[in-house]
>>> print(open('structure-v4.tsv').read())   # TSV, C-alpha atoms
chain	number	residue	atom	x	y	z
A	166	MET	CA	2.34	23.45	5.36
A	167	GLN	CA	0.26	20.59	3.96
A	168	GLY	CA	-0.64	17.66	6.16
A	169	ILE	CA	0.10	14.15	4.91
A	170	ILE	CA	-2.27	11.20	4.70
A	171	GLY	CA	-0.56	7.83	4.30
A	172	ILE	CA	-2.70	4.93	3.07
A	173	ASP	CA	-2.27	1.17	2.93
A	174	SER	CA	-4.58	-1.86	2.79
A	175	ARG	CA	-4.61	-5.65	3.00
A	176	PRO	CA	-7.06	-8.55	2.64
A	177	PHE	CA	-9.17	-9.57	5.62
A	178	ILE	CA	-10.19	-13.25	5.72
A	179	ARG	CA	-11.92	-15.28	8.42
A	180	ARG	CA	-12.89	-18.92	8.47
A	181	VAL	CA	-16.63	-19.28	9.09
A	182	ILE	CA	-19.20	-22.03	9.41
A	183	LYS	CA	-21.90	-21.59	6.77
A	184	ARG	CA	-25.59	-22.19	7.42
A	185	ASP	CA	-25.34	-25.62	5.81
A	186	GLY	CA	-22.65	-26.59	8.31
A	187	ASN	CA	-19.77	-26.52	5.83
A	188	ASP	CA	-16.59	-24.51	6.24
A	189	GLY	CA	-16.39	-21.24	4.36
A	190	GLU	CA	-14.61	-17.89	4.25
A	191	PHE	CA	-15.62	-14.34	4.96
A	192	LYS	CA	-13.64	-12.06	2.64
A	193	SER	CA	-13.18	-8.34	2.97
A	194	VAL	CA	-10.43	-5.73	2.70
A	195	LEU	CA	-9.09	-3.45	5.45
A	196	GLY	CA	-7.60	-0.06	4.71
A	197	ILE	CA	-6.18	2.59	7.01
A	198	ALA	CA	-5.31	6.21	6.29
A	199	VAL	CA	-3.09	7.96	8.84
A	200	ARG	CA	-3.11	11.76	8.88
A	201	VAL	CA	-0.15	13.70	10.33
A	202	LYS	CA	0.85	17.37	10.39
A	203	ASP	CA	4.03	17.07	8.35
A	204	TYR	CA	6.45	14.44	7.11
A	205	GLU	CA	9.68	15.54	8.76
A	206	THR	CA	8.28	15.86	12.27
A	207	PHE	CA	6.41	12.58	12.07
A	208	ASP	CA	9.50	10.82	10.73
A	209	LYS	CA	11.33	11.68	13.96
A	210	GLU	CA	8.35	10.68	16.11
A	211	TYR	CA	8.05	7.37	14.25
A	212	LYS	CA	11.72	6.59	14.89
A	213	GLU	CA	11.37	7.32	18.61
A	214	ALA	CA	8.17	5.27	18.89
A	215	MET	CA	9.68	2.27	17.10
A	216	GLU	CA	12.86	2.38	19.18
A	217	PHE	CA	10.72	2.58	22.32
A	218	ALA	CA	8.66	-0.43	21.20
A	219	PHE	CA	11.71	-2.59	20.47
A	220	SER	CA	13.78	-1.53	23.48
A	221	SER	CA	10.83	-2.27	25.79
A	222	PHE	CA	11.58	-5.95	25.15
A	223	GLY	CA	15.36	-5.73	24.94
A	224	LEU	CA	15.31	-5.85	21.13
A	225	LYS	CA	17.09	-3.77	18.52
A	226	LYS	CA	15.61	-2.36	15.34
A	227	GLU	CA	16.90	-3.76	12.05
A	228	TYR	CA	15.16	-1.39	9.63
A	229	ARG	CA	14.29	2.28	9.54
A	230	TYR	CA	10.62	1.57	8.73
A	231	TYR	CA	8.70	-1.63	9.27
A	232	CYS	CA	5.90	-3.44	7.50
A	233	ILE	CA	3.85	-6.16	9.17
A	234	ASN	CA	5.67	-8.80	7.12
A	235	ASP	CA	8.99	-7.83	8.74
A	236	LEU	CA	7.61	-8.76	12.15
A	237	LYS	CA	5.54	-11.86	11.32
A	238	ASP	CA	8.14	-14.29	12.74
A	239	ASN	CA	8.95	-12.22	15.81
A	240	PRO	CA	7.41	-13.87	18.92
A	241	LYS	CA	6.88	-10.39	20.40
A	242	ILE	CA	5.12	-8.97	17.33
A	243	TRP	CA	1.88	-7.93	19.03
A	244	GLU	CA	3.58	-6.62	22.15
A	245	ILE	CA	5.86	-4.51	19.94
A	246	LEU	CA	2.92	-3.18	17.92
A	247	ASN	CA	0.89	-2.41	21.04
A	248	LYS	CA	3.80	-0.36	22.41
A	249	PHE	CA	4.32	1.34	19.05
A	250	SER	CA	0.65	2.29	18.74
A	251	GLU	CA	0.60	3.63	22.30
A	252	LYS	CA	3.71	5.76	21.72
A	253	ILE	CA	2.86	7.07	18.24
A	254	SER	CA	-0.83	7.83	18.86
A	255	PRO	CA	-0.36	11.38	20.28
A	256	HIS	CA	1.44	12.37	17.07
A	257	ILE	CA	-1.36	11.29	14.72
A	258	GLU	CA	-4.16	13.73	13.92
A	259	ARG	CA	-6.63	11.19	12.52
A	260	VAL	CA	-6.86	7.47	11.82
A	261	HIS	CA	-9.38	6.65	9.10
A	262	VAL	CA	-10.40	2.97	8.93
A	263	PHE	CA	-12.04	1.48	5.83
A	264	TYR	CA	-13.53	-1.93	5.19
A	265	CYS	CA	-15.82	-3.39	2.56
A	266	LEU	CA	-19.02	-5.18	3.50
A	267	PHE	CA	-21.19	-6.11	0.53
A	268	SER	CA	-24.49	-7.94	0.82
A	269	ARG	CA	-24.27	-11.28	-1.00
A	270	LYS	CA	-28.03	-11.72	-0.66
A	271	ARG	CA	-28.92	-8.43	-2.33
A	272	LEU	CA	-26.16	-8.58	-4.93
A	273	PRO	CA	-25.24	-12.14	-5.90
A	274	ARG	CA	-23.62	-11.01	-9.20
A	275	ILE	CA	-21.71	-7.82	-10.02
A	276	LYS	CA	-21.62	-6.32	-13.52
A	277	ILE	CA	-18.14	-5.42	-14.77
A	278	TYR	CA	-16.56	-3.75	-17.83
A	279	GLY	CA	-19.75	-1.99	-18.93
A	280	ARG	CA	-17.89	0.85	-20.61
A	281	LEU	CA	-15.71	-1.59	-22.55
A	282	ALA	CA	-18.77	-3.43	-23.85
A	283	GLU	CA	-20.49	-0.18	-24.83
A	284	ARG	CA	-17.42	1.31	-26.51
A	285	GLU	CA	-16.57	-1.79	-28.50
A	286	GLN	CA	-20.21	-2.64	-29.17
A	287	ILE	CA	-19.59	-6.19	-28.01
A	288	LYS	CA	-21.28	-8.69	-25.75
A	289	LEU	CA	-18.81	-9.75	-23.08
A	290	SER	CA	-18.41	-13.47	-22.55
A	291	ILE	CA	-18.22	-12.88	-18.78
A	292	PRO	CA	-20.12	-9.63	-18.05
A	293	ASP	CA	-20.51	-10.29	-14.33
A	294	ILE	CA	-18.67	-11.87	-11.45
A	295	ASN	CA	-19.53	-13.34	-8.06
A	296	HIS	CA	-18.93	-11.66	-4.70
A	297	ASP	CA	-15.75	-13.48	-3.64
A	298	LYS	CA	-13.99	-13.17	-7.01
A	299	PHE	CA	-14.93	-9.49	-7.20
A	300	ILE	CA	-13.20	-8.79	-3.90
A	301	SER	CA	-10.15	-10.95	-4.65
A	302	ARG	CA	-9.55	-9.78	-8.23
A	303	TYR	CA	-10.53	-6.14	-8.10
A	304	ILE	CA	-11.22	-4.61	-4.69
A	305	THR	CA	-8.12	-6.00	-2.97
A	306	ASN	CA	-5.86	-4.60	-5.70
A	307	SER	CA	-7.51	-1.18	-5.85
A	308	PHE	CA	-8.40	-0.54	-2.20
A	309	PRO	CA	-5.74	2.10	-1.37
A	310	GLY	CA	-7.14	4.25	-4.19
A	311	ILE	CA	-10.70	3.58	-3.03
A	312	CYS	CA	-9.76	4.76	0.46
A	313	ALA	CA	-8.30	8.00	-0.91
A	314	TRP	CA	-11.40	8.53	-3.08
A	315	ARG	CA	-13.70	7.91	-0.09
A	316	LEU	CA	-11.88	10.62	1.89
A	317	MET	CA	-11.91	13.29	-0.80
A	318	GLU	CA	-15.32	14.72	0.09
A	319	TYR	CA	-14.17	15.41	3.66
A	320	LEU	CA	-10.89	17.13	2.77
A	321	SER	CA	-9.58	20.28	1.13
A	322	PRO	CA	-6.94	19.85	-1.62
A	323	GLY	CA	-4.86	22.72	-0.28
A	324	ASN	CA	-4.58	21.25	3.21
A	325	VAL	CA	-3.40	17.67	2.64
A	326	GLN	CA	-1.60	15.43	0.20
A	327	PHE	CA	-1.88	11.66	-0.21
A	328	HIS	CA	1.01	9.22	0.18
A	329	ILE	CA	-0.39	5.92	-1.08
A	330	ASP	CA	1.11	2.45	-1.11
A	331	SER	CA	1.38	1.14	-4.65
A	332	TYR	CA	-1.69	-0.48	-6.16
A	333	GLU	CA	-2.83	-1.46	-9.63
A	334	SER	CA	-6.29	-2.11	-10.98
A	335	HIS	CA	-8.60	-1.47	-13.87
A	336	ILE	CA	-10.16	1.95	-14.13
A	337	CYS	CA	-13.38	2.73	-12.28
A	338	GLU	CA	-15.30	5.95	-11.61
A	339	ALA	CA	-13.73	6.36	-8.18
A	340	GLU	CA	-10.23	6.19	-9.66
A	341	GLU	CA	-11.15	8.67	-12.38
A	342	GLU	CA	-12.46	11.11	-9.80
A	343	LEU	CA	-9.28	10.68	-7.76
A	344	GLU	CA	-7.09	11.34	-10.81
A	345	LYS	CA	-9.12	14.41	-11.80
A	346	GLY	CA	-9.17	15.78	-8.27
A	347	LYS	CA	-6.92	18.63	-7.21
A	348	PHE	CA	-5.24	16.70	-4.41
A	349	THR	CA	-1.49	16.19	-4.57
A	350	ARG	CA	-0.86	12.44	-4.42
A	351	PHE	CA	2.24	10.31	-4.55
A	352	ILE	CA	2.47	6.57	-5.08
A	353	PHE	CA	5.13	4.60	-3.18
A	354	PRO	CA	5.87	1.03	-4.34
A	355	SER	CA	6.71	-0.95	-1.19
A	356	GLY	CA	5.62	2.18	0.64
A	357	ASP	CA	5.23	0.38	3.97
A	358	CYS	CA	9.00	-0.23	3.96
A	359	ILE	CA	10.16	3.25	2.90
A	360	ASN	CA	7.60	5.76	4.18
A	361	PRO	CA	6.88	6.21	7.92
A	362	ILE	CA	3.25	7.23	7.46
A	363	ILE	CA	2.39	4.35	5.11
A	364	SER	CA	4.34	2.05	7.43
A	365	THR	CA	2.20	3.19	10.36
A	366	ALA	CA	-0.97	2.56	8.36
A	367	ASP	CA	0.22	-0.96	7.50
A	368	LEU	CA	1.14	-1.78	11.10
A	369	LEU	CA	-2.18	-0.48	12.41
A	370	ILE	CA	-4.05	-2.66	9.91
A	371	GLY	CA	-2.19	-5.68	11.26
A	372	LEU	CA	-2.96	-4.62	14.80
A	373	LEU	CA	-6.64	-4.09	14.01
A	374	ASP	CA	-6.88	-7.55	12.44
A	375	TYR	CA	-5.20	-9.08	15.50
A	376	ARG	CA	-7.38	-7.25	18.03
A	377	LEU	CA	-10.53	-8.26	16.16
A	378	GLU	CA	-9.37	-11.87	16.27
A	379	VAL	CA	-8.54	-11.79	19.99
A	380	LYS	CA	-11.94	-10.31	20.83
A	381	GLN	CA	-13.62	-12.61	18.29
A	382	ASP	CA	-15.44	-9.53	17.01
A	383	LEU	CA	-17.15	-9.25	13.65
A	384	LEU	CA	-15.88	-6.73	11.13
A	385	ILE	CA	-18.65	-4.20	11.62
A	386	PHE	CA	-18.72	-0.47	12.29
A	387	GLU	CA	-19.44	-0.50	16.03
A	388	ASN	CA	-16.69	-3.00	16.85
A	389	ILE	CA	-13.76	-1.06	15.40
A	390	ARG	CA	-13.37	2.14	17.41
A	391	PRO	CA	-13.37	0.40	20.86
A	392	LEU	CA	-10.37	-1.66	19.72
A	393	PHE	CA	-8.17	1.48	19.58
A	394	PRO	CA	-8.80	3.41	22.80
A	395	GLU	CA	-5.43	5.14	22.33
A	396	PHE	CA	-6.94	7.18	19.46
A	397	GLY	CA	-10.35	7.93	21.00
A	398	ASP	CA	-12.55	10.08	18.79
A	399	ARG	CA	-9.61	10.70	16.43
A	400	LEU	CA	-10.42	7.31	14.86
A	401	LEU	CA	-13.11	7.40	12.16
A	402	VAL	CA	-14.66	4.44	10.33
A	403	TYR	CA	-15.85	4.32	6.71
A	404	PRO	CA	-17.59	1.15	5.49
A	405	ILE	CA	-17.62	0.56	1.72
A	406	LEU	CA	-21.10	-0.79	0.98
A	407	ASN	CA	-23.37	-1.86	-1.87
A	408	LYS	CA	-24.25	1.77	-2.57
A	409	HIS	CA	-20.62	2.46	-3.48
A	410	LEU	CA	-20.39	-0.35	-6.05
A	411	PRO	CA	-21.25	1.81	-9.11
A	412	LYS	CA	-18.19	3.92	-8.31
A	413	ILE	CA	-15.69	1.15	-7.56
A	414	THR	CA	-16.65	-1.52	-10.10
A	415	PRO	CA	-14.15	-1.74	-13.02
A	416	LEU	CA	-15.52	-0.11	-16.15
A	417	ASP	CA	-12.81	-0.93	-18.64
A	418	LYS	CA	-9.66	-2.98	-19.04
A	419	VAL	CA	-7.54	0.15	-18.67
A	420	ILE	CA	-4.86	0.06	-15.98
A	421	THR	CA	-4.89	2.88	-13.44
A	422	ASP	CA	-2.24	5.52	-14.12
A	423	ASN	CA	0.08	5.43	-11.12
A	424	THR	CA	3.55	5.60	-12.66
A	425	SER	CA	3.10	9.31	-13.44
A	426	VAL	CA	2.61	10.07	-9.72
A	427	LEU	CA	5.54	8.10	-8.32
A	428	LYS	CA	7.44	10.01	-5.64
A	429	HIS	CA	10.77	11.12	-7.12
A	430	PRO	CA	13.63	10.53	-6.94
A	431	VAL	CA	12.78	7.04	-8.10
A	432	TYR	CA	15.35	4.29	-7.66
A	433	TRP	CA	14.67	2.27	-10.80
A	434	ILE	CA	15.82	-1.29	-10.14
A	435	PHE	CA	17.33	-3.24	-13.03
A	436	LYS	CA	17.51	-6.88	-12.06
A	437	GLY	CA	19.32	-7.72	-15.33
A	438	GLY	CA	18.24	-10.56	-17.60
A	439	GLU	CA	15.77	-13.31	-16.78
A	440	ASP	CA	17.85	-15.29	-14.27
A	441	ILE	CA	15.76	-14.02	-11.34
A	442	ASN	CA	12.07	-13.31	-11.60
A	443	ALA	CA	10.54	-10.27	-9.95
A	444	GLY	CA	8.72	-12.21	-7.24
A	445	THR	CA	11.85	-14.05	-6.12
A	446	LEU	CA	13.81	-10.81	-6.02
A	447	LYS	CA	11.20	-8.96	-3.96
A	448	ARG	CA	11.13	-11.75	-1.39
A	449	SER	CA	14.91	-11.73	-0.94
A	450	GLU	CA	16.81	-10.26	1.98
A	451	THR	CA	18.90	-8.28	-0.50
A	452	TYR	CA	15.82	-6.48	-1.80
A	453	ARG	CA	14.54	-5.75	1.70
A	454	ASN	CA	17.90	-4.29	2.67
A	455	LEU	CA	17.93	-2.24	-0.51
A	456	LEU	CA	14.54	-0.77	0.42
A	457	ASP	CA	15.98	0.16	3.81
A	458	VAL	CA	18.86	2.01	2.16
A	459	ILE	CA	16.40	3.89	-0.05
A	460	ALA	CA	14.24	4.66	2.99
A	461	HIS	CA	17.20	6.58	4.46
A	462	LYS	CA	17.71	8.47	1.20
A	463	GLY	CA	14.07	9.36	0.41
A	464	GLY	CA	12.09	8.81	-2.76
A	465	CYS	CA	10.81	5.40	-3.76
A	466	ALA	CA	11.91	2.17	-5.44
A	467	LYS	CA	10.41	0.42	-8.46
A	468	LEU	CA	11.46	-2.55	-10.55
A	469	PHE	CA	12.07	-1.12	-14.00
A	470	ASP	CA	9.56	-2.03	-16.71
A	471	LYS	CA	11.12	-1.31	-20.10
A	472	LYS	CA	7.69	-1.20	-21.73
A	473	ASN	CA	6.04	1.40	-19.50
A	474	ASP	CA	8.64	3.21	-17.40
A	475	PRO	CA	11.14	5.02	-19.71
A	476	ASP	CA	8.82	8.00	-20.24
A	477	PHE	CA	8.65	8.60	-16.49
A	478	ILE	CA	12.38	8.85	-15.77
A	479	LYS	CA	13.19	12.29	-14.36
A	480	PRO	CA	16.45	14.16	-13.64
A	481	GLY	CA	17.77	13.09	-10.25
A	482	ASP	CA	16.48	9.54	-10.49
A	483	PHE	CA	18.77	6.55	-9.95
A	484	GLY	CA	19.30	3.25	-11.72
A	485	VAL	CA	20.21	0.39	-9.37
A	486	PHE	CA	21.90	-2.54	-11.11
A	487	PHE	CA	22.64	-6.09	-9.93
A	488	ASN	CA	24.92	-7.20	-12.76
A	489	GLN	CA	26.60	-6.10	-15.98
A	490	SER	CA	23.40	-6.54	-17.97
A	491	GLY	CA	21.57	-4.08	-15.73
A	492	GLU	CA	24.45	-1.61	-15.86
A	493	GLU	CA	24.51	-1.73	-19.67
A	494	SER	CA	20.77	-1.05	-19.79
A	495	ILE	CA	21.20	2.08	-17.66
A	496	LYS	CA	24.05	3.28	-19.90
A	497	THR	CA	21.90	2.70	-22.98
A	498	TYR	CA	19.04	4.78	-21.59
A	499	ARG	CA	21.46	7.55	-20.70
A	500	LYS	CA	22.57	7.70	-24.35
A	501	ILE	CA	19.01	8.52	-25.45
A	502	GLY	CA	18.48	11.20	-22.82
A	503	LYS	CA	16.91	9.09	-20.08
A	504	ILE	CA	19.44	10.09	-17.45
A	505	MET	CA	19.71	7.99	-14.30
A	506	ASN	CA	22.56	8.04	-11.84
A	507	PRO	CA	23.91	4.45	-11.82
A	508	LEU	CA	24.21	2.70	-8.46
A	509	ASN	CA	25.83	-0.68	-7.87
A	510	ILE	CA	23.81	-2.89	-5.53
A	511	ASP	CA	27.07	-4.23	-4.05
A	512	LEU	CA	27.98	-0.74	-2.86
A	513	LEU	CA	24.50	0.04	-1.55
A	514	VAL	CA	23.80	-3.14	0.39
A	515	VAL	CA	27.10	-3.78	2.13
A	516	LYS	CA	25.54	-6.16	4.62
A	517	GLU	CA	24.61	-8.61	1.90
A	518	THR	CA	27.91	-8.22	0.05
A	519	ASN	CA	29.83	-9.24	3.13
A	520	LYS	CA	27.90	-12.50	3.33
A	521	VAL	CA	29.01	-13.67	-0.10
>>> encode(input="structure-v4.tsv", output="structure tokens")
Amino acid sequence: MQGIIGIDSRPFIRRVIKRDGNDGEFKSVLGIAVRVKDYETFDKEYKEAMEFAFSSFGLKKEYRYYCINDLKDNPKIWEILNKFSEKISPHIERVHVFYCLFSRKRLPRIKIYGRLAEREQIKLSIPDINHDKFISRYITNSFPGICAWRLMEYLSPGNVQFHIDSYESHICEAEEELEKGKFTRFIFPSGDCINPIISTADLLIGLLDYRLEVKQDLLIFENIRPLFPEFGDRLLVYPILNKHLPKITPLDKVITDNTSVLKHPVYWIFKGGEDINAGTLKRSETYRNLLDVIAHKGGCAKLFDKKNDPDFIKPGDFGVFFNQSGEESIKTYRKIGKIMNPLNIDLLVVKETNKV
């Protein structure tokens, strides 16, 4: 049986006082990869740990799996996460922590899109980028893949598979090596809401950020392991440094290929028309409740992109529609052999329907 490694990441930002006395920001990215023996067993252990964490404070769970955003307004957020980490830690084989720490002094500018310039025989108008923009535009968006790439040399393809929260970036050498590798990997859009291992990674990132802030510790190697005594020597730390830049710097304006490795069945979500934009939908309670329904059923959820997604529909996938326009789109795709089982959002998310 293959072990599972679930990966998630998020930006890390701290306000700092610069040498000239002005306010500034320290920007980095945190990633965590959680390794467990198998999905089914850990799923049960996750449920027990989360119920223990909530019940310890007289609270009831609302969702099957939690992301840090679900708890941000809960006054007991850190107490809940401390209890969860304590309870779940014996059931985790390894916690791999990643962070980026690039030297601004040694590398004030970073060259990008070199392969594009060489292939097209052109001189790029903006061939380089500064430290902060590099992290914000490229590293933050691609960090889950970078974490998986960083782990590859320590793992055997036959022993583990990757479950990775969705990310999108321009191609780099690290991503190419990950795609060419023999590891089984699955991408989960909104994975921290529908996959217990990715959820655990996301919650531990939030907890790490919080514990660093409480201790007022810097984001450096020696400060991380002592913050998680519950994992002991099962917690390993991997800084991403200047020496890794040739591998993780974008080479071309080619988007990473993640749709082909979505975890099926996919619940393709048809929002129908332009009345609601994707961002508004994803921030809605309806969408969060829909993710919870899908979490109980397995697979993953993705807003349907008519330009890129039709070729990746597989037998057993579902089409979730919000209105008649969405339903008609699903029927149209079925007529050309792109078979999805249609699902009405009103029947899936009963809680929201009853509020109308």
>>> residues_around(input="structure-v4.tsv", residues="Leu384 in chain A", least_positions_apart="5", cutoff="10 Å", atoms="only C-alpha atoms", output="count of residues only")
13
>>> atom_distance(input="structure-v4.tsv", atom1="CA of Arg180 in chain A", atom2="CA of Asp297 in chain A")
13.6 Å
>>> closest_atom_pairs(input="structure-v4.tsv", of="range 368-406 of chain A", to="range 309-314 of chain A", cutoff="12 Å", atoms="all atoms listed in the file", output="Markdown table")
| residue | atom | partner | partner_atom | distance |
| --- | --- | --- | --- | --- |
| A:Val402 | CA | A:Cys312 | CA | 11.0 |
| A:Tyr403 | CA | A:Cys312 | CA | 8.7 |
| A:Pro404 | CA | A:Cys312 | CA | 10.0 |
| A:Ile405 | CA | A:Ile311 | CA | 8.9 |
| A:Leu406 | CA | A:Ile311 | CA | 12.0 |
>>> residues_around(input="structure-v4.tsv", residues="Arg302 in chain A", least_positions_apart="6", cutoff="12 Å", atoms="all atoms listed in the file", output="number ranges by chain")
A: 176, 192-194, 277, 294-296, 308, 333-335, 414-415
>>> residues_around(input="structure-v4.tsv", residues="range 223-229 of chain A", least_positions_apart="2", cutoff="10 Å", atoms="all atoms listed in the file", output="list of chain:residue names")
A:Asp208, A:Tyr211, A:Lys212, A:Met215, A:Glu216, A:Phe217, A:Ala218, A:Phe219, A:Ser220, A:Ser221, A:Tyr231, A:Cys232, A:Asp235, A:Lys241, A:Ile245, A:Cys358, A:Ile359, A:Asn360, A:Pro361, A:Arg453, A:Asn454, A:Leu456, A:Asp457, A:Val458, A:Ile459, A:Ala460, A:His461
>>> write_last_selection(input="structure-v4.tsv", atoms="C-alpha atoms", output="tab-separated table (two decimals), in the frame of the given file")
chain	number	residue	atom	x	y	z
A	208	ASP	CA	9.50	10.82	10.73
A	211	TYR	CA	8.05	7.37	14.25
A	212	LYS	CA	11.72	6.59	14.89
A	215	MET	CA	9.68	2.27	17.10
A	216	GLU	CA	12.86	2.38	19.18
A	217	PHE	CA	10.72	2.58	22.32
A	218	ALA	CA	8.66	-0.43	21.20
A	219	PHE	CA	11.71	-2.59	20.47
A	220	SER	CA	13.78	-1.53	23.48
A	221	SER	CA	10.83	-2.27	25.79
A	231	TYR	CA	8.70	-1.63	9.27
A	232	CYS	CA	5.90	-3.44	7.50
A	235	ASP	CA	8.99	-7.83	8.74
A	241	LYS	CA	6.88	-10.39	20.40
A	245	ILE	CA	5.86	-4.51	19.94
A	358	CYS	CA	9.00	-0.23	3.96
A	359	ILE	CA	10.16	3.25	2.90
A	360	ASN	CA	7.60	5.76	4.18
A	361	PRO	CA	6.88	6.21	7.92
A	453	ARG	CA	14.54	-5.75	1.70
A	454	ASN	CA	17.90	-4.29	2.67
A	456	LEU	CA	14.54	-0.77	0.42
A	457	ASP	CA	15.98	0.16	3.81
A	458	VAL	CA	18.86	2.01	2.16
A	459	ILE	CA	16.40	3.89	-0.05
A	460	ALA	CA	14.24	4.66	2.99
A	461	HIS	CA	17.20	6.58	4.46
>>> closest_residue(input="structure-v4.tsv", among="A:Ile197, A:Leu343, A:Ile385, A:Leu246", to="Pro322 in chain A", atoms="only C-alpha atoms")
A:Leu343
>>> atom_distance(input="structure-v4.tsv", atom1="CA of Asp511 in chain A", atom2="CA of Lys472 in chain A")
26.4 Å
>>> atom_distance(input="structure-v4.tsv", atom1="CA of Pro507 in chain A", atom2="CA of Ile495 in chain A")
6.9 Å
>>> closest_residue(input="structure-v4.tsv", among="A:Phe327, A:Phe435, A:Phe487, A:Phe396", to="Lys471 in chain A", atoms="only C-alpha atoms")
A:Phe435
>>> build_atoms(input="structure-v4.tsv", residues="range 178-197 of chain A", atoms="N, CA and C atoms", output="PDB file, keeping the file's coordinate frame")
ATOM      1  N   ILE A 178      -9.542 -11.952   5.954  1.00  0.00           N
ATOM      2  CA  ILE A 178     -10.190 -13.250   5.720  1.00  0.00           C
ATOM      3  C   ILE A 178     -10.410 -13.953   7.056  1.00  0.00           C
ATOM      4  N   ARG A 179     -11.606 -14.499   7.233  1.00  0.00           N
ATOM      5  CA  ARG A 179     -11.920 -15.280   8.420  1.00  0.00           C
ATOM      6  C   ARG A 179     -12.589 -16.586   7.994  1.00  0.00           C
ATOM      7  N   ARG A 180     -12.194 -17.655   8.662  1.00  0.00           N
ATOM      8  CA  ARG A 180     -12.890 -18.920   8.470  1.00  0.00           C
ATOM      9  C   ARG A 180     -14.238 -18.857   9.178  1.00  0.00           C
ATOM     10  N   VAL A 181     -15.293 -19.322   8.511  1.00  0.00           N
ATOM     11  CA  VAL A 181     -16.630 -19.280   9.090  1.00  0.00           C
ATOM     12  C   VAL A 181     -17.336 -20.619   8.832  1.00  0.00           C
ATOM     13  N   ILE A 182     -18.333 -20.878   9.625  1.00  0.00           N
ATOM     14  CA  ILE A 182     -19.200 -22.030   9.410  1.00  0.00           C
ATOM     15  C   ILE A 182     -20.478 -21.529   8.725  1.00  0.00           C
ATOM     16  N   LYS A 183     -20.728 -22.022   7.520  1.00  0.00           N
ATOM     17  CA  LYS A 183     -21.900 -21.590   6.770  1.00  0.00           C
ATOM     18  C   LYS A 183     -23.166 -22.221   7.341  1.00  0.00           C
ATOM     19  N   ARG A 184     -24.303 -21.719   6.905  1.00  0.00           N
ATOM     20  CA  ARG A 184     -25.590 -22.190   7.420  1.00  0.00           C
ATOM     21  C   ARG A 184     -25.804 -23.688   7.166  1.00  0.00           C
ATOM     22  N   ASP A 185     -25.185 -24.197   6.097  1.00  0.00           N
ATOM     23  CA  ASP A 185     -25.340 -25.620   5.810  1.00  0.00           C
ATOM     24  C   ASP A 185     -24.375 -26.488   6.609  1.00  0.00           C
ATOM     25  N   GLY A 186     -23.583 -25.855   7.468  1.00  0.00           N
ATOM     26  CA  GLY A 186     -22.650 -26.590   8.310  1.00  0.00           C
ATOM     27  C   GLY A 186     -21.275 -26.782   7.733  1.00  0.00           C
ATOM     28  N   ASN A 187     -21.073 -26.380   6.483  1.00  0.00           N
ATOM     29  CA  ASN A 187     -19.770 -26.520   5.830  1.00  0.00           C
ATOM     30  C   ASN A 187     -18.863 -25.338   6.161  1.00  0.00           C
ATOM     31  N   ASP A 188     -17.557 -25.593   6.039  1.00  0.00           N
ATOM     32  CA  ASP A 188     -16.590 -24.510   6.240  1.00  0.00           C
ATOM     33  C   ASP A 188     -16.671 -23.523   5.082  1.00  0.00           C
ATOM     34  N   GLY A 189     -16.420 -22.268   5.384  1.00  0.00           N
ATOM     35  CA  GLY A 189     -16.390 -21.240   4.360  1.00  0.00           C
ATOM     36  C   GLY A 189     -15.463 -20.125   4.757  1.00  0.00           C
ATOM     37  N   GLU A 190     -15.449 -19.054   3.978  1.00  0.00           N
ATOM     38  CA  GLU A 190     -14.610 -17.890   4.250  1.00  0.00           C
ATOM     39  C   GLU A 190     -15.418 -16.614   4.152  1.00  0.00           C
ATOM     40  N   PHE A 191     -15.133 -15.705   5.076  1.00  0.00           N
ATOM     41  CA  PHE A 191     -15.620 -14.340   4.960  1.00  0.00           C
ATOM     42  C   PHE A 191     -14.475 -13.501   4.417  1.00  0.00           C
ATOM     43  N   LYS A 192     -14.693 -12.857   3.273  1.00  0.00           N
ATOM     44  CA  LYS A 192     -13.640 -12.060   2.640  1.00  0.00           C
ATOM     45  C   LYS A 192     -14.007 -10.587   2.655  1.00  0.00           C
ATOM     46  N   SER A 193     -13.032  -9.781   3.016  1.00  0.00           N
ATOM     47  CA  SER A 193     -13.180  -8.340   2.970  1.00  0.00           C
ATOM     48  C   SER A 193     -11.796  -7.739   2.725  1.00  0.00           C
ATOM     49  N   VAL A 194     -11.715  -6.440   2.804  1.00  0.00           N
ATOM     50  CA  VAL A 194     -10.430  -5.730   2.700  1.00  0.00           C
ATOM     51  C   VAL A 194     -10.419  -4.649   3.772  1.00  0.00           C
ATOM     52  N   LEU A 195      -9.295  -4.515   4.464  1.00  0.00           N
ATOM     53  CA  LEU A 195      -9.090  -3.450   5.450  1.00  0.00           C
ATOM     54  C   LEU A 195      -8.158  -2.402   4.863  1.00  0.00           C
ATOM     55  N   GLY A 196      -8.491  -1.149   5.090  1.00  0.00           N
ATOM     56  CA  GLY A 196      -7.600  -0.060   4.710  1.00  0.00           C
ATOM     57  C   GLY A 196      -7.501   0.930   5.856  1.00  0.00           C
ATOM     58  N   ILE A 197      -6.337   1.547   6.001  1.00  0.00           N
ATOM     59  CA  ILE A 197      -6.180   2.590   7.010  1.00  0.00           C
ATOM     60  C   ILE A 197      -5.442   3.773   6.393  1.00  0.00           C
TER      61      ILE A 197
END
